[in-house]
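What follows is a set of notes on a single structure, which appears directly below.
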Number of protein chains: 2
Amino acid sequence: MKVTPRTPSGFLELLPAEQIVFNQMIKKIQHTYELFGFTPIETPAIEYSEILLAKAGGETEKQIYRFTKGSNDLCLHFDLTVPLARYVAEHANQITFPFRRYQIQKVWRAERPQRGRFREFYQCDIDVIGSFNPLIDAEIPSVIFTVFKNLGFEKFTIKVNNRKVLNGFLAGIGAEEQSQDILRLIDKVEKISRDDLIKEAESQGISKTVMTRVFELIDVKGTNEEVLKKLKELPVNNDKYTAGIKELELVLSGMSKFKIPPEAYKVDLTIARGLDYYTGTVYETTLDDYPSIGSVCSGGRYDDLASHYTNATLPGVGVSIGLTRLFDQLRLAGALNITSSIPTKVLVVPISEEFLGAAMETATEFRHHEVSAEVYLEEGRFGKKLDYANKQGVPFVAIVGTEEVQENELVLKNMADSSQVVVTIDQASEIVKK
Amino acid sequence: MKVTPRTPSGFLELLPAEQIVFNQMIKKIQHTYELFGFTPIETPAIEYSEILLAKAGGETEKQIYRFTKGSNDLCLHFDLTVPLARYVAEHANQITFPFRRYQIQKVWRAERPQRGRFREFYQCDIDVIGSFNPLIDAEIPSVIFTVFKNLGFEKFTIKVNNRKVLNGFLAGIGAEEQSQDILRLIDKVEKISRDDLIKEAESQGISKTVMTRVFELIDVKGTNEEVLKKLKELPVNNDKYTAGIKELELVLSGMSKFKIPPEAYKVDLTIARGLDYYTGTVYETTLDDYPSIGSVCSGGRYDDLASHYTNATLPGVGVSIGLTRLFDQLRLAGALNITSSIPTKVLVVPISEEFLGAAMETATEFRHHEVSAEVYLEEGRFGKKLDYANKQGVPFVAIVGTEEVQENELVLKNMADSSQVVVTIDQASEIVKK
């Protein structure tokens, strides 16, 4: 009796050609994070439930993979923020603040599987912990900009807002009590009509008058300078609102010092980030050519990361890229540059079996030159060996043992145009590396 | 009430300076595997229990993290071999054979925690699936050799044996029925005395006569040529034994074609690899300077990878590095080269707050030059800023805003010897990259 080989639904598994592209994306994100001086950490996939669920509740708790082993009540982590909070609280005496960390790991959530939703997915997070400095808020978008440039995207928009502006405004119009609900309604403003929004608001006990004032705020549009000017002119008398505008102004001025091209970012007052977690700057990033993907990099500033574990106040700011979903959506859009199923740059092929030993030596030489090489070790027709290179997408074939070449020479065949040259291994390595 | 921040025992969590070294090791292993044309795959951490436990039993099954979610009976994978078998069986029509894959992932086993044993650890596996060709068995040690060289080890020994030699010998002396037990005894030969081994054998119903013959085999020592010669001379009349010697000879001759230095490997007849899984070549690798770590890279050839999932016969050969344990043991031995807590190569420091904007622009320029840079954004004394660089192990500080320098120039301070030069950002980037 055979067991049918299959993976549980909601788990993405890639074929090698796709995995190579996925890994390249991870590498580019990691490289960019390090370019900005973020340091890597990695936390266990499994934590005590008591730790992970210190704050969680409701929907989150239902989605968690939780189990006991021996006498331990354990969970798989469902994000990288709670583990970061635990890490910082636990190792506070051994790390230097402000603590700039990046973390690229899988997380697990037993969500209802649907297209674009995964139960296992990669999060790629950066956070800076231990400072209220708004210039850090200005640096985060510089990281976002560089990441997406390095991933090969030409056009994307980093949307910036500030929760103090939103919350201060709501307090200023006497709607402070309802602010959580209103922020969630603002998050929907791109998806449903104003009339429906008002109806939904009224069903929650929020008056049309309040919503009309809210629309006044989120309709503030224009260049970043214009938006700041209009915000200052709105008839709102609230200290938090004024402080929020000032902070937003500082962040925008910092962003220009970090030389982010002005067309890559804008203030967008509809960005609310419904979570009660955020207290200052908030970010969302959309790809201009793939608006349906939604935000591909979101986050913001928070006043206190680890209050469940420590008395120390740990403010921070950070963003996260949900890579698995982004990859899947790009794949769906045919936007991945898939070229090859193996990392091999040169397939070394003996002209006949008697040159197999020479082929093995040649492959070893290529590897000494840091060129990824494979020998075709199986017996078979010469044509079959070239087929293998074609099928796998190997860009070059090195043919060893042909009569016309000297010792230490080989025929290097470029599979893209079938052109051939007779060269030494040194020369071949140079050609392949280019 | 605060929850005490802590991780479950048996889970290794690193501080940033250690994590940087760990990640460098992962990167070197990955790079080497790709140099040999192995292609990356990644499988979900969670699989159906029915799949993962199709073969497992006994001790393994007890160590597995198993749980239900909804109506699904699930497990965390406890190695990368069973998931590979499932992957190959499931995607057989979409991959090309021989399938050369590498896989670097965490696995989980609820072993009793003790020094050097972890419940979550990285395995770094390579396997070639779909060929009986012994030249692949010869190529695997070439990968092992290059991996450990690239990891910075000077002296290590790749021990090679062949299960056909062992099993054929045991059949030849009429001890075939007891071969599993005898192989497990052979695995212990380095640890306990011959007398005790005989006692243990007798308690299992294996005669002293048989064990004396077994010692005759495993005492065969010398150069690889001498070992082969002696093996041929032993009075054993068994086809499998003869075939095993021939295979071993082919593998050794292939290894020399792959230019592995002779001092890096040797035939060792005590390498049995107790698992019933292996059928041909077997490998163990020890670090000459750290013998107590034991084998750091083991594996071998097997006749049939995925018989639980498919009727297709899938022979293969592979090895695995248990990286978490290796890292931990090297750390314990003080053998890690830990230099810095952040990847930053240059800390950009404004001479006073008025030059903070210029410092932000300078850091951005460094990043455009692919130099990892951080700006010291917090206010504070100049000396405190240099302290931060020292504490974190940042090799260079770029001081912006001093009077003596022109626009676009800065003072580059080498933290190792405190020397300073006045240079442009372009020049500074060149210096830092060297």
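In the structure tokens, the first chain shown is A, the next is B, and so on; residue numbers restart at 1 for each chain, and ligands run from 1 in the order shown.
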
DSSP strand (DSSP E) residues within stretch 2-176 of chain A, listed as a PyMOL selection string: chain A and resi 39-40+46-48+66-69+72-76+99-108+120-129+156-162

Spatial neighbours of A:Pro350, max dist 7 Å, only C-alpha atoms, sep filter under 2 positions, as a count of residues only: 9

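In terms of minimum interatomic distance to B:Pro343, A:Thr32 ranks closest within A:Thr402, A:Ser203, A:Thr32, A:Asn167, counting only C-alpha atoms.
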
Two-atom distance - atom CA of B:Pro315, atom CA of A:Val21 (Å): 28.2 Å

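Residues lying within 7 Å of A:Val107, counting only C-alpha atoms and ignoring same-chain neighbours fewer than 4 positions away, are His77, Phe78, Asp79, Glu120, Phe121, Tyr122 and Gln123 of chain A.
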
File of the preceding selection, N, CA and C atoms, as a PDB file, in the first residue's frame:
ATOM      1  N   HIS A  77       5.322  30.118  16.056  1.00  0.00           N
ATOM      2  CA  HIS A  77       5.123  31.577  16.006  1.00  0.00           C
ATOM      3  C   HIS A  77       4.291  31.970  14.783  1.00  0.00           C
ATOM      4  N   PHE A  78       3.412  32.953  14.995  1.00  0.00           N
ATOM      5  CA  PHE A  78       2.477  33.375  13.941  1.00  0.00           C
ATOM      6  C   PHE A  78       2.891  34.713  13.338  1.00  0.00           C
ATOM      7  N   ASP A  79       3.909  35.331  13.906  1.00  0.00           N
ATOM      8  CA  ASP A  79       4.531  36.526  13.320  1.00  0.00           C
ATOM      9  C   ASP A  79       5.933  36.622  13.900  1.00  0.00           C
ATOM     10  N   GLU A 120       1.676  28.785   5.798  1.00  0.00           N
ATOM     11  CA  GLU A 120       3.110  28.892   6.112  1.00  0.00           C
ATOM     12  C   GLU A 120       3.650  29.941   5.165  1.00  0.00           C
ATOM     13  N   PHE A 121       4.233  30.993   5.693  1.00  0.00           N
ATOM     14  CA  PHE A 121       4.765  32.016   4.794  1.00  0.00           C
ATOM     15  C   PHE A 121       5.948  32.754   5.409  1.00  0.00           C
ATOM     16  N   TYR A 122       6.756  33.323   4.523  1.00  0.00           N
ATOM     17  CA  TYR A 122       7.935  34.066   4.949  1.00  0.00           C
ATOM     18  C   TYR A 122       7.571  35.503   5.281  1.00  0.00           C
ATOM     19  N   GLN A 123       8.037  35.957   6.437  1.00  0.00           N
ATOM     20  CA  GLN A 123       8.011  37.376   6.718  1.00  0.00           C
ATOM     21  C   GLN A 123       9.451  37.876   6.729  1.00  0.00           C
TER      22      GLN A 123
END

From B:Tyr290, B:Phe382, B:Tyr265, B:Phe258, residue lying nearest chain A [only C-alpha atoms]: B:Phe258

Alpha helix (DSSP H) residues, from DSSP on the backbone, in stretch 51-80 of chain B, as a VMD selection string: chain B and resid 51 to 52 58 to 62

Selection near stretch 223-237 of chain B, 12 Å with only C-alpha atoms, sequence-local residues under 6 positions removed, as JSON, numbers by chain: {"B": [159, 160, 161, 162, 165, 166, 167, 168, 169, 170, 171, 172, 173, 174, 213, 214, 216, 217, 243, 244, 245, 246, 247, 248, 249, 250, 251, 252, 253, 255, 256, 262, 263, 264, 265, 266, 267, 268, 269]}

Test item: residues at most 7 Å from B:Ala272, only C-alpha atoms, excluding those fewer than 2 positions along its chain, as a VMD selection string: chain B and resid 163 183 186 to 187 270 274
